[in-house]
>>> print(open('my_file-v4.cif').read())   # mmCIF, C-alpha atoms and all ligand atoms
data_model
loop_
_atom_site.label_atom_id
_atom_site.label_comp_id
_atom_site.auth_asym_id
_atom_site.auth_seq_id
_atom_site.Cartn_x
_atom_site.Cartn_y
_atom_site.Cartn_z
CA ARG A 1 75.05 79.35 98.85
CA THR A 2 76.07 77.22 95.90
CA ILE A 3 74.09 76.45 92.74
CA ASP A 4 72.81 73.15 94.22
CA SER A 5 70.96 75.11 96.91
CA LEU A 6 68.68 76.47 94.19
CA GLY A 7 67.15 73.02 93.58
CA PRO A 8 66.47 71.52 90.14
CA LEU A 9 66.78 74.19 87.46
CA ALA A 10 65.57 72.36 84.36
CA GLY A 11 63.15 74.61 82.49
CA LYS A 12 63.84 77.49 84.93
CA ARG A 13 65.02 80.90 83.81
CA VAL A 14 68.33 81.67 85.50
CA VAL A 15 69.95 85.09 85.25
CA VAL A 16 73.73 84.69 85.63
CA ARG A 17 75.79 87.77 86.54
CA CYS A 18 79.20 87.23 84.92
CA ASP A 19 82.17 89.56 84.60
CA LEU A 20 82.73 89.59 80.85
CA ASN A 21 84.60 92.89 81.03
CA VAL A 22 87.35 91.93 78.58
CA PRO A 23 89.89 94.17 76.87
CA LEU A 24 88.89 95.02 73.28
CA ARG A 25 90.90 96.63 70.51
CA ASP A 26 88.90 97.73 67.45
CA GLY A 27 86.07 95.41 68.49
CA ILE A 28 88.43 92.40 68.82
CA ILE A 29 88.88 90.71 72.21
CA THR A 30 92.57 90.84 73.14
CA ASP A 31 92.26 88.57 76.21
CA ASP A 32 89.27 86.24 76.52
CA GLY A 33 90.28 84.89 79.95
CA ARG A 34 87.14 86.17 81.66
CA VAL A 35 84.90 84.66 78.99
CA ARG A 36 86.61 81.28 79.34
CA ALA A 37 86.41 81.49 83.13
CA SER A 38 82.64 82.01 82.91
CA VAL A 39 81.99 78.90 80.83
CA PRO A 40 81.94 76.15 83.53
CA THR A 41 79.01 77.70 85.41
CA LEU A 42 77.07 78.48 82.24
CA GLN A 43 77.74 75.00 80.87
CA ALA A 44 76.62 73.41 84.14
CA LEU A 45 73.34 75.35 84.06
CA VAL A 46 72.67 74.68 80.39
CA GLY A 47 73.55 71.03 81.04
CA GLN A 48 70.73 70.86 83.61
CA GLY A 49 68.30 72.22 81.04
CA ALA A 50 68.08 75.72 82.54
CA ARG A 51 67.25 78.71 80.34
CA VAL A 52 70.35 80.81 80.90
CA ILE A 53 70.30 84.62 80.68
CA VAL A 54 73.82 86.04 80.93
CA VAL A 55 74.32 89.62 82.13
CA SER A 56 77.55 91.61 82.45
CA HIS A 57 79.09 95.03 82.22
CA LEU A 58 81.84 95.99 79.78
CA GLY A 59 83.96 99.06 80.38
CA ARG A 60 82.53 102.18 81.95
CA PRO A 61 79.88 103.63 79.64
CA GLU A 62 77.92 106.42 81.28
CA GLY A 63 74.50 104.86 81.78
CA ALA A 64 73.52 105.03 78.10
CA PRO A 65 74.12 102.83 75.02
CA ASP A 66 77.57 103.31 73.53
CA ALA A 67 78.50 101.04 70.61
CA LYS A 68 82.14 100.74 71.60
CA TYR A 69 81.10 99.00 74.83
CA SER A 70 78.68 96.53 73.23
CA LEU A 71 78.82 92.96 74.50
CA ALA A 72 78.09 91.64 70.99
CA PRO A 73 81.69 90.45 70.32
CA VAL A 74 81.74 88.81 73.75
CA ALA A 75 78.48 86.95 73.06
CA ALA A 76 79.99 85.75 69.79
CA ARG A 77 83.11 84.49 71.61
CA LEU A 78 80.95 82.73 74.20
CA GLY A 79 79.10 81.04 71.33
CA GLU A 80 82.42 79.69 70.03
CA LEU A 81 83.41 78.31 73.45
CA PHE A 82 80.02 76.85 74.20
CA ASP A 83 78.27 73.63 73.21
CA ALA A 84 74.91 75.35 72.89
CA PRO A 85 73.43 78.18 70.82
CA VAL A 86 74.08 81.60 72.38
CA ALA A 87 71.67 84.38 71.37
CA PHE A 88 72.26 88.11 71.90
CA ALA A 89 69.75 90.84 72.80
CA THR A 90 70.55 94.36 71.66
CA ASP A 91 69.17 95.86 74.87
CA THR A 92 69.28 94.84 78.53
CA VAL A 93 65.69 95.04 79.77
CA GLY A 94 63.87 96.42 76.71
CA ALA A 95 61.72 94.91 73.98
CA ASP A 96 64.46 92.83 72.34
CA ALA A 97 65.59 91.35 75.66
CA SER A 98 61.97 90.48 76.62
CA ALA A 99 61.26 88.83 73.28
CA LYS A 100 64.48 86.81 73.37
CA VAL A 101 63.97 85.75 76.98
CA ASP A 102 60.46 84.53 76.03
CA ALA A 103 61.86 82.63 73.04
CA LEU A 104 64.59 80.91 75.11
CA GLY A 105 64.29 77.12 75.16
CA ASP A 106 65.50 74.68 77.82
CA GLY A 107 69.29 74.34 77.72
CA GLU A 108 69.77 77.51 75.69
CA ALA A 109 71.69 80.67 76.54
CA LEU A 110 71.15 84.35 75.84
CA VAL A 111 73.48 87.31 76.49
CA LEU A 112 71.82 90.65 77.23
CA GLU A 113 73.46 93.94 76.21
CA ASN A 114 75.80 95.76 78.62
CA LEU A 115 74.22 96.35 82.03
CA ARG A 116 75.92 99.74 82.33
CA PHE A 117 73.95 101.10 79.36
CA ASN A 118 71.26 101.52 82.04
CA PRO A 119 71.74 104.28 84.64
CA GLY A 120 70.15 102.15 87.38
CA GLU A 121 73.03 99.63 87.33
CA THR A 122 75.65 101.91 88.86
CA SER A 123 73.36 104.54 90.42
CA LYS A 124 74.37 105.88 93.84
CA ASN A 125 70.66 106.00 94.62
CA GLU A 126 69.53 102.74 96.17
CA ALA A 127 65.92 103.09 94.97
CA GLU A 128 67.13 103.41 91.37
CA ARG A 129 69.31 100.34 91.75
CA ILE A 130 66.42 98.38 93.27
CA ALA A 131 64.15 99.43 90.40
CA PHE A 132 66.65 98.29 87.75
CA ALA A 133 67.34 95.04 89.63
CA GLY A 134 63.57 94.48 89.64
CA GLU A 135 63.47 94.74 85.85
CA LEU A 136 66.24 92.15 85.56
CA ALA A 137 64.59 89.94 88.20
CA ALA A 138 61.41 89.91 86.12
CA PHE A 139 63.31 87.66 83.69
CA ALA A 140 64.45 85.25 86.40
CA ASP A 141 63.25 82.35 88.52
CA ALA A 142 66.70 82.28 90.12
CA VAL A 143 69.95 84.26 90.05
CA VAL A 144 73.50 82.95 89.94
CA SER A 145 76.22 85.44 90.79
CA ASP A 146 79.50 84.49 89.17
CA GLY A 147 81.20 87.78 88.27
CA PHE A 148 84.04 87.55 90.76
CA GLY A 149 85.78 90.57 89.19
CA VAL A 150 82.90 92.82 90.17
CA VAL A 151 81.94 91.57 93.68
CA HIS A 152 83.56 94.66 95.23
CA ARG A 153 80.97 96.89 93.53
CA LYS A 154 77.63 97.65 95.18
CA GLN A 155 75.75 97.71 91.89
CA ALA A 156 72.22 96.62 90.97
CA SER A 157 73.15 93.33 89.29
CA VAL A 158 75.74 92.45 91.96
CA TYR A 159 73.83 93.33 95.12
CA GLU A 160 70.16 94.21 94.70
CA LEU A 161 69.31 91.57 92.06
CA GLU A 162 70.58 88.79 94.36
CA GLN A 163 68.05 89.88 96.97
CA ALA A 164 65.15 89.96 94.56
CA ARG A 165 65.23 86.23 93.71
CA PRO A 166 66.66 83.01 95.20
CA SER A 167 70.36 83.40 94.50
CA ALA A 168 73.63 81.52 94.77
CA ALA A 169 77.31 81.83 93.89
CA GLY A 170 78.55 80.20 90.70
CA LEU A 171 81.54 77.91 90.26
CA LEU A 172 83.97 80.72 89.40
CA ILE A 173 83.32 82.65 92.61
CA ASP A 174 83.65 79.40 94.53
CA ALA A 175 87.00 78.60 92.88
CA GLU A 176 88.36 82.13 93.34
CA LEU A 177 87.49 82.15 97.03
CA ASP A 178 89.11 78.77 97.56
CA VAL A 179 92.42 80.18 96.37
CA LEU A 180 92.13 83.58 98.05
CA ASP A 181 91.30 81.87 101.34
CA ARG A 182 94.59 80.01 101.06
CA LEU A 183 96.34 83.39 100.81
CA THR A 184 94.62 84.84 103.84
CA GLU A 185 94.39 81.82 106.14
CA LYS A 186 97.79 80.45 107.14
CA PRO A 187 99.66 80.86 103.84
CA GLU A 188 102.69 78.61 103.55
CA ARG A 189 105.88 80.61 104.17
CA PRO A 190 107.86 82.38 102.90
CA TYR A 191 104.92 84.43 101.59
CA THR A 192 105.88 87.04 98.99
CA VAL A 193 103.62 89.64 97.45
CA VAL A 194 104.69 91.37 94.24
CA LEU A 195 102.99 94.69 93.53
CA GLY A 196 103.27 96.74 90.37
CA GLY A 197 101.02 98.78 88.16
CA SER A 198 100.86 102.49 87.86
CA LYS A 199 99.03 103.77 90.92
CA VAL A 200 100.33 103.59 94.49
CA SER A 201 97.08 105.07 95.72
CA ASP A 202 95.15 102.01 94.44
CA LYS A 203 97.45 99.70 96.40
CA LEU A 204 97.82 101.58 99.68
CA GLY A 205 95.02 99.72 101.43
CA VAL A 206 96.42 96.36 100.51
CA ILE A 207 99.96 97.31 101.55
CA ALA A 208 98.70 98.37 104.98
CA HIS A 209 96.82 95.11 105.38
CA LEU A 210 99.61 92.90 104.03
CA LEU A 211 102.52 94.27 106.06
CA PRO A 212 101.62 92.28 109.18
CA ARG A 213 100.96 89.15 107.10
CA VAL A 214 103.72 88.69 104.53
CA ASP A 215 107.44 88.02 104.64
CA ARG A 216 108.37 90.15 101.64
CA LEU A 217 106.86 92.81 99.47
CA LEU A 218 108.49 93.38 96.07
CA ILE A 219 107.64 96.73 94.49
CA GLY A 220 107.83 97.38 90.74
CA GLY A 221 105.78 99.15 88.08
CA GLY A 222 105.03 102.85 87.99
CA MET A 223 104.45 102.87 91.74
CA LEU A 224 108.11 102.09 92.47
CA PHE A 225 109.07 105.72 91.79
CA THR A 226 106.94 106.99 94.66
CA PHE A 227 108.82 104.53 96.90
CA LEU A 228 112.19 105.74 95.57
CA ALA A 229 111.10 109.35 96.13
CA ALA A 230 110.09 108.43 99.69
CA GLN A 231 113.70 107.28 100.20
CA GLY A 232 114.92 110.66 98.99
CA HIS A 233 115.91 109.72 95.43
CA LYS A 234 115.20 111.81 92.34
CA VAL A 235 113.03 110.07 89.75
CA GLY A 236 113.26 112.35 86.70
CA SER A 237 109.97 112.51 84.82
CA SER A 238 108.85 109.05 85.94
CA LEU A 239 105.36 108.51 87.28
CA LEU A 240 105.16 109.97 90.78
CA GLU A 241 102.32 110.39 93.26
CA ALA A 242 103.83 113.15 95.36
CA ASP A 243 100.84 113.23 97.72
CA GLN A 244 101.50 109.60 98.71
CA ILE A 245 105.15 110.04 99.66
CA GLU A 246 104.48 110.57 103.37
CA THR A 247 102.24 107.48 103.57
CA VAL A 248 104.86 105.42 101.78
CA LYS A 249 107.52 106.64 104.23
CA GLY A 250 105.27 105.38 107.01
CA TYR A 251 105.07 101.93 105.37
CA LEU A 252 108.84 101.75 104.91
CA ALA A 253 109.30 102.51 108.61
CA GLU A 254 106.59 100.03 109.65
CA ALA A 255 108.18 97.31 107.53
CA VAL A 256 111.49 97.77 109.36
CA GLU A 257 109.71 97.52 112.73
CA ARG A 258 107.88 94.37 111.70
CA GLY A 259 110.90 92.70 110.12
CA VAL A 260 109.14 92.57 106.74
CA GLU A 261 111.39 93.10 103.75
CA ILE A 262 110.17 95.72 101.27
CA VAL A 263 112.39 95.02 98.28
CA LEU A 264 112.80 98.00 95.96
CA PRO A 265 114.49 98.02 92.56
CA THR A 266 118.22 98.67 92.46
CA ASP A 267 118.21 99.38 88.72
CA VAL A 268 115.62 100.61 86.24
CA VAL A 269 115.21 101.12 82.49
CA VAL A 270 115.03 104.83 81.73
CA ALA A 271 113.80 106.11 78.35
CA ALA A 272 113.95 109.45 76.58
CA SER A 273 110.20 109.33 75.94
CA PHE A 274 107.13 107.10 76.22
CA SER A 275 107.48 105.12 73.01
CA ALA A 276 108.66 101.71 71.82
CA GLU A 277 111.24 103.47 69.62
CA ALA A 278 112.58 105.72 72.38
CA GLU A 279 116.26 105.63 73.23
CA HIS A 280 116.69 103.91 76.63
CA VAL A 281 119.38 102.88 79.08
CA VAL A 282 119.66 100.77 82.25
CA THR A 283 120.73 102.82 85.24
CA SER A 284 120.96 102.66 89.01
CA ALA A 285 117.59 103.31 90.65
CA HIS A 286 119.41 105.93 92.72
CA ALA A 287 120.79 107.84 89.73
CA ILE A 288 117.80 108.17 87.44
CA GLU A 289 118.58 111.77 86.53
CA GLN A 290 122.19 110.98 85.68
CA THR A 291 121.47 109.42 82.29
CA PRO A 292 121.86 111.39 79.01
CA PHE A 293 118.15 112.24 79.35
CA GLY A 294 118.68 114.10 82.65
CA ALA A 295 115.55 115.12 84.54
CA SER A 296 113.35 114.34 81.55
CA GLY A 297 114.18 110.60 81.65
CA LEU A 298 111.23 108.28 82.23
CA GLY A 299 111.54 105.03 84.17
CA LEU A 300 109.55 102.45 82.19
CA ASP A 301 110.69 99.08 83.58
CA ILE A 302 112.70 97.48 86.35
CA GLY A 303 116.28 96.69 85.34
CA PRO A 304 117.94 93.28 84.84
CA GLU A 305 119.62 93.20 88.26
CA THR A 306 116.26 93.87 89.93
CA SER A 307 114.55 91.26 87.75
CA ALA A 308 117.09 88.68 88.92
CA THR A 309 116.66 89.68 92.58
CA PHE A 310 112.86 89.59 92.35
CA ALA A 311 112.95 86.24 90.53
CA ALA A 312 115.18 84.74 93.22
CA HIS A 313 112.84 85.95 96.01
CA ILE A 314 109.82 84.58 94.15
CA ARG A 315 111.36 81.17 93.47
CA ASP A 316 112.40 80.92 97.08
CA SER A 317 108.77 81.41 98.30
CA LYS A 318 106.05 78.91 99.07
CA THR A 319 103.22 81.38 98.46
CA VAL A 320 103.29 84.24 95.96
CA PHE A 321 100.60 86.74 95.00
CA TRP A 322 101.32 89.12 92.14
CA ASN A 323 99.28 92.13 91.06
CA GLY A 324 100.40 94.71 88.55
CA PRO A 325 102.94 94.69 85.70
CA MET A 326 106.56 95.62 86.49
CA GLY A 327 106.86 97.98 83.53
CA VAL A 328 105.16 99.13 80.35
CA PHE A 329 104.97 95.55 79.07
CA GLU A 330 102.80 96.60 76.10
CA LEU A 331 105.95 98.15 74.58
CA ALA A 332 108.47 95.39 73.80
CA PRO A 333 111.62 97.18 75.09
CA PHE A 334 110.00 97.56 78.53
CA ALA A 335 108.49 94.08 78.96
CA ALA A 336 111.53 92.24 80.36
CA GLY A 337 110.77 92.88 84.05
CA THR A 338 107.19 91.67 83.77
CA ARG A 339 108.35 88.64 81.79
CA ALA A 340 111.00 87.78 84.42
CA VAL A 341 108.47 87.98 87.25
CA ALA A 342 105.96 85.87 85.31
CA GLU A 343 108.64 83.28 84.51
CA ALA A 344 109.67 83.09 88.18
CA LEU A 345 106.04 82.61 89.25
CA THR A 346 105.81 79.56 86.99
CA GLU A 347 108.73 78.06 88.94
CA VAL A 348 107.29 78.46 92.44
CA ASP A 349 107.22 75.25 94.42
CA GLY A 350 103.98 76.14 96.17
CA LEU A 351 101.02 78.40 95.42
CA SER A 352 101.44 81.13 92.78
CA VAL A 353 98.55 83.49 92.12
CA VAL A 354 98.33 86.12 89.40
CA GLY A 355 95.72 88.64 90.51
CA GLY A 356 93.84 90.85 88.22
CA GLY A 357 92.86 92.01 84.80
CA ASP A 358 96.12 93.79 83.84
CA SER A 359 98.48 91.16 85.19
CA ALA A 360 96.44 88.34 83.66
CA ALA A 361 96.40 90.12 80.31
CA ALA A 362 100.17 90.74 80.65
CA VAL A 363 101.10 87.10 81.21
CA ARG A 364 98.90 85.96 78.32
CA GLN A 365 100.17 88.69 76.02
CA LEU A 366 103.73 87.62 76.85
CA GLY A 367 102.86 84.11 75.72
CA PHE A 368 102.50 82.25 79.05
CA ASP A 369 99.84 79.54 79.24
CA ASP A 370 97.41 79.80 82.14
CA ASP A 371 98.23 76.33 83.43
CA ARG A 372 101.82 77.34 84.26
CA PHE A 373 100.47 79.32 87.25
CA GLY A 374 98.71 78.03 90.34
CA HIS A 375 95.81 80.37 89.66
CA ILE A 376 95.06 83.40 87.51
CA SER A 377 92.36 85.42 89.21
CA THR A 378 89.70 87.10 87.10
CA GLY A 379 89.43 89.87 89.68
CA GLY A 380 91.84 92.80 89.86
CA GLY A 381 90.22 95.29 92.22
CA ALA A 382 88.13 92.49 93.72
CA SER A 383 91.08 90.29 94.68
CA LEU A 384 93.00 93.25 96.10
CA GLU A 385 90.03 94.37 98.19
CA PHE A 386 89.55 90.79 99.36
CA LEU A 387 93.20 90.70 100.48
CA GLU A 388 92.69 94.08 102.14
CA GLY A 389 90.17 92.29 104.34
CA LYS A 390 87.28 94.43 103.15
CA GLN A 391 83.72 93.19 103.12
CA LEU A 392 82.68 92.84 99.50
CA PRO A 393 78.99 93.58 98.79
CA GLY A 394 78.66 90.87 96.12
CA LEU A 395 79.93 88.19 98.52
CA GLU A 396 78.16 89.48 101.60
CA VAL A 397 74.79 89.33 99.81
CA LEU A 398 75.38 85.64 99.06
CA GLY A 399 76.19 84.92 102.69
CA TRP A 400 79.87 84.28 101.92
CA GLN A 401 81.42 86.90 104.19
C1 LIG B 1 87.41 94.93 86.58
O1 LIG B 1 87.83 95.02 85.42
O2 LIG B 1 88.18 95.04 87.57
C2 LIG B 1 85.97 94.57 86.81
O3 LIG B 1 85.34 94.15 85.64
C3 LIG B 1 85.25 95.72 87.45
O4 LIG B 1 85.19 96.80 86.58
P1 LIG B 1 85.00 98.29 87.13
O5 LIG B 1 86.30 98.64 87.82
O6 LIG B 1 84.73 99.15 85.93
O7 LIG B 1 83.86 98.28 88.10
#
>>> encode(input="my_file-v4.cif", output="structure tokens", more="lines below")
Ligand code: 3PG
Amino acid sequence: RTIDSLGPLAGKRVVVRCDLNVPLRDGIITDDGRVRASVPTLQALVGQGARVIVVSHLGRPEGAPDAKYSLAPVAARLGELFDAPVAFATDTVGADASAKVDALGDGEALVLENLRFNPGETSKNEAERIAFAGELAAFADAVVSDGFGVVHRKQASVYELEQARPSAAGLLIDAELDVLDRLTEKPERPYTVVLGGSKVSDKLGVIAHLLPRVDRLLIGGGMLFTFLAAQGHKVGSSLLEADQIETVKGYLAEAVERGVEIVLPTDVVVAASFSAEAEHVVTSAHAIEQTPFGASGLGLDIGPETSATFAAHIRDSKTVFWNGPMGVFELAPFAAGTRAVAEALTEVDGLSVVGGGDSAAAVRQLGFDDDRFGHISTGGGASLEFLEGKQLPGLEVLGWQ
């Protein structure tokens, strides 16, 4: 169901569920990608003369107001990007929100305070979620769901609210699904998936689902050490999920059976400690404990030989999906692997997709413009779960899955 299915919206109150969950440092937005990605839908609605009420979560507050998770800076940023006045309510469904919704004129927009300041938003109890969704629905003639990054969550504003009023998907969800469908339905080959980030356990589902579908899986980031350990190598004090080693061994064996290449690093950057100033060396991925730091050495990035190998595999592909940084890119000495992978993605002659909050923030922080990639997804967990083939509540409720 697209916005058009809601009929003319001039003068109507439309609650729009966005994902404005942006990274903040000292109240300053460090990556406004999700705010920018939300603008087309909001602009289209305002352009029709709708009265637009924007709702979102930010971070994971525990069901009560918490100033460090206020959406106020995000509302201000939206105001800068927008051709219309954007008001802000200091609560979500309380007196200030009601007054500001009532005062909203045609073609104006209002951002309500963080949904997750209300326990009903994320409650495990369906009745509580329905009750909170009902309070939000009281503001709305129609609902537009456009928070792609949160469609994998069964939460009041993502699932129950959409059932309480006529609802449709916004332009961002539509655009995201267009691209993700190209990854799942007959991707052009070779199809390479690059996985990084710190937790193997977060990625296990997607690895299982991707093995029968891809040509190559490149593994970097903190999770690479669990793969090295599964091959019998020592990893010093690097990140390791010992309880996942057996599962990873199973994947390595399955990959061989299926003729899928799992490409693991041959060299890594090992540091004396977790700090930008730490002494560090490049070493073989199979000799991590043989540096001057011995068993206390920490692997914090893939090495230059691995970067070159990964880059060559990526450039040689027609479809590439990348989720998760290759190293601790926030610290300059350990950013080279992530930069090399990002650079290679910009050179793909085909479809290149950067999936997720961390990877999107990484490429922007490293100075890459969005338009150098085929697509930068606003959804981290959501795009991974989509690729895992899971049914996502926020899409199912809109009749999209
Ligand atoms: C995200 O950052 O992936 C989305 O905004 C969802 O946030 P959550 O993981 O806190 O539900």
>>> closest_residue(input="my_file-v4.cif", among="A:Thr247, A:Gln43, A:Thr291, A:Thr338", to="Gly107 (chain A)", atoms="only C-alpha atoms")
A:Gln43
>>> residues_near_ligand(input="my_file-v4.cif", ligand="ligand LIG 1 (chain B)", cutoff="10 Å", atoms="only C-alpha atoms and all ligand atoms", output="MDAnalysis selection string")
chainID A and resid 18:23 34 56:61 116 122 147:155 356:358 378:384
>>> residues_around(input="my_file-v4.cif", residues="Ala109 (chain A)", least_positions_apart="6", cutoff="8 Å", atoms="all atoms listed in the file", output="VMD selection string")
chain A and resid 46 51 to 54 84 to 87
>>> closest_residue(input="my_file-v4.cif", among="A:Gly27, A:Pro292, A:Gly222, A:Gly11", to="Ala67 (chain A)", atoms="only C-alpha atoms")
A:Gly27
>>> atom_distance(input="my_file-v4.cif", atom1="CA of Pro190 (chain A)", atom2="CA of Asp316 (chain A)")
7.5 Å
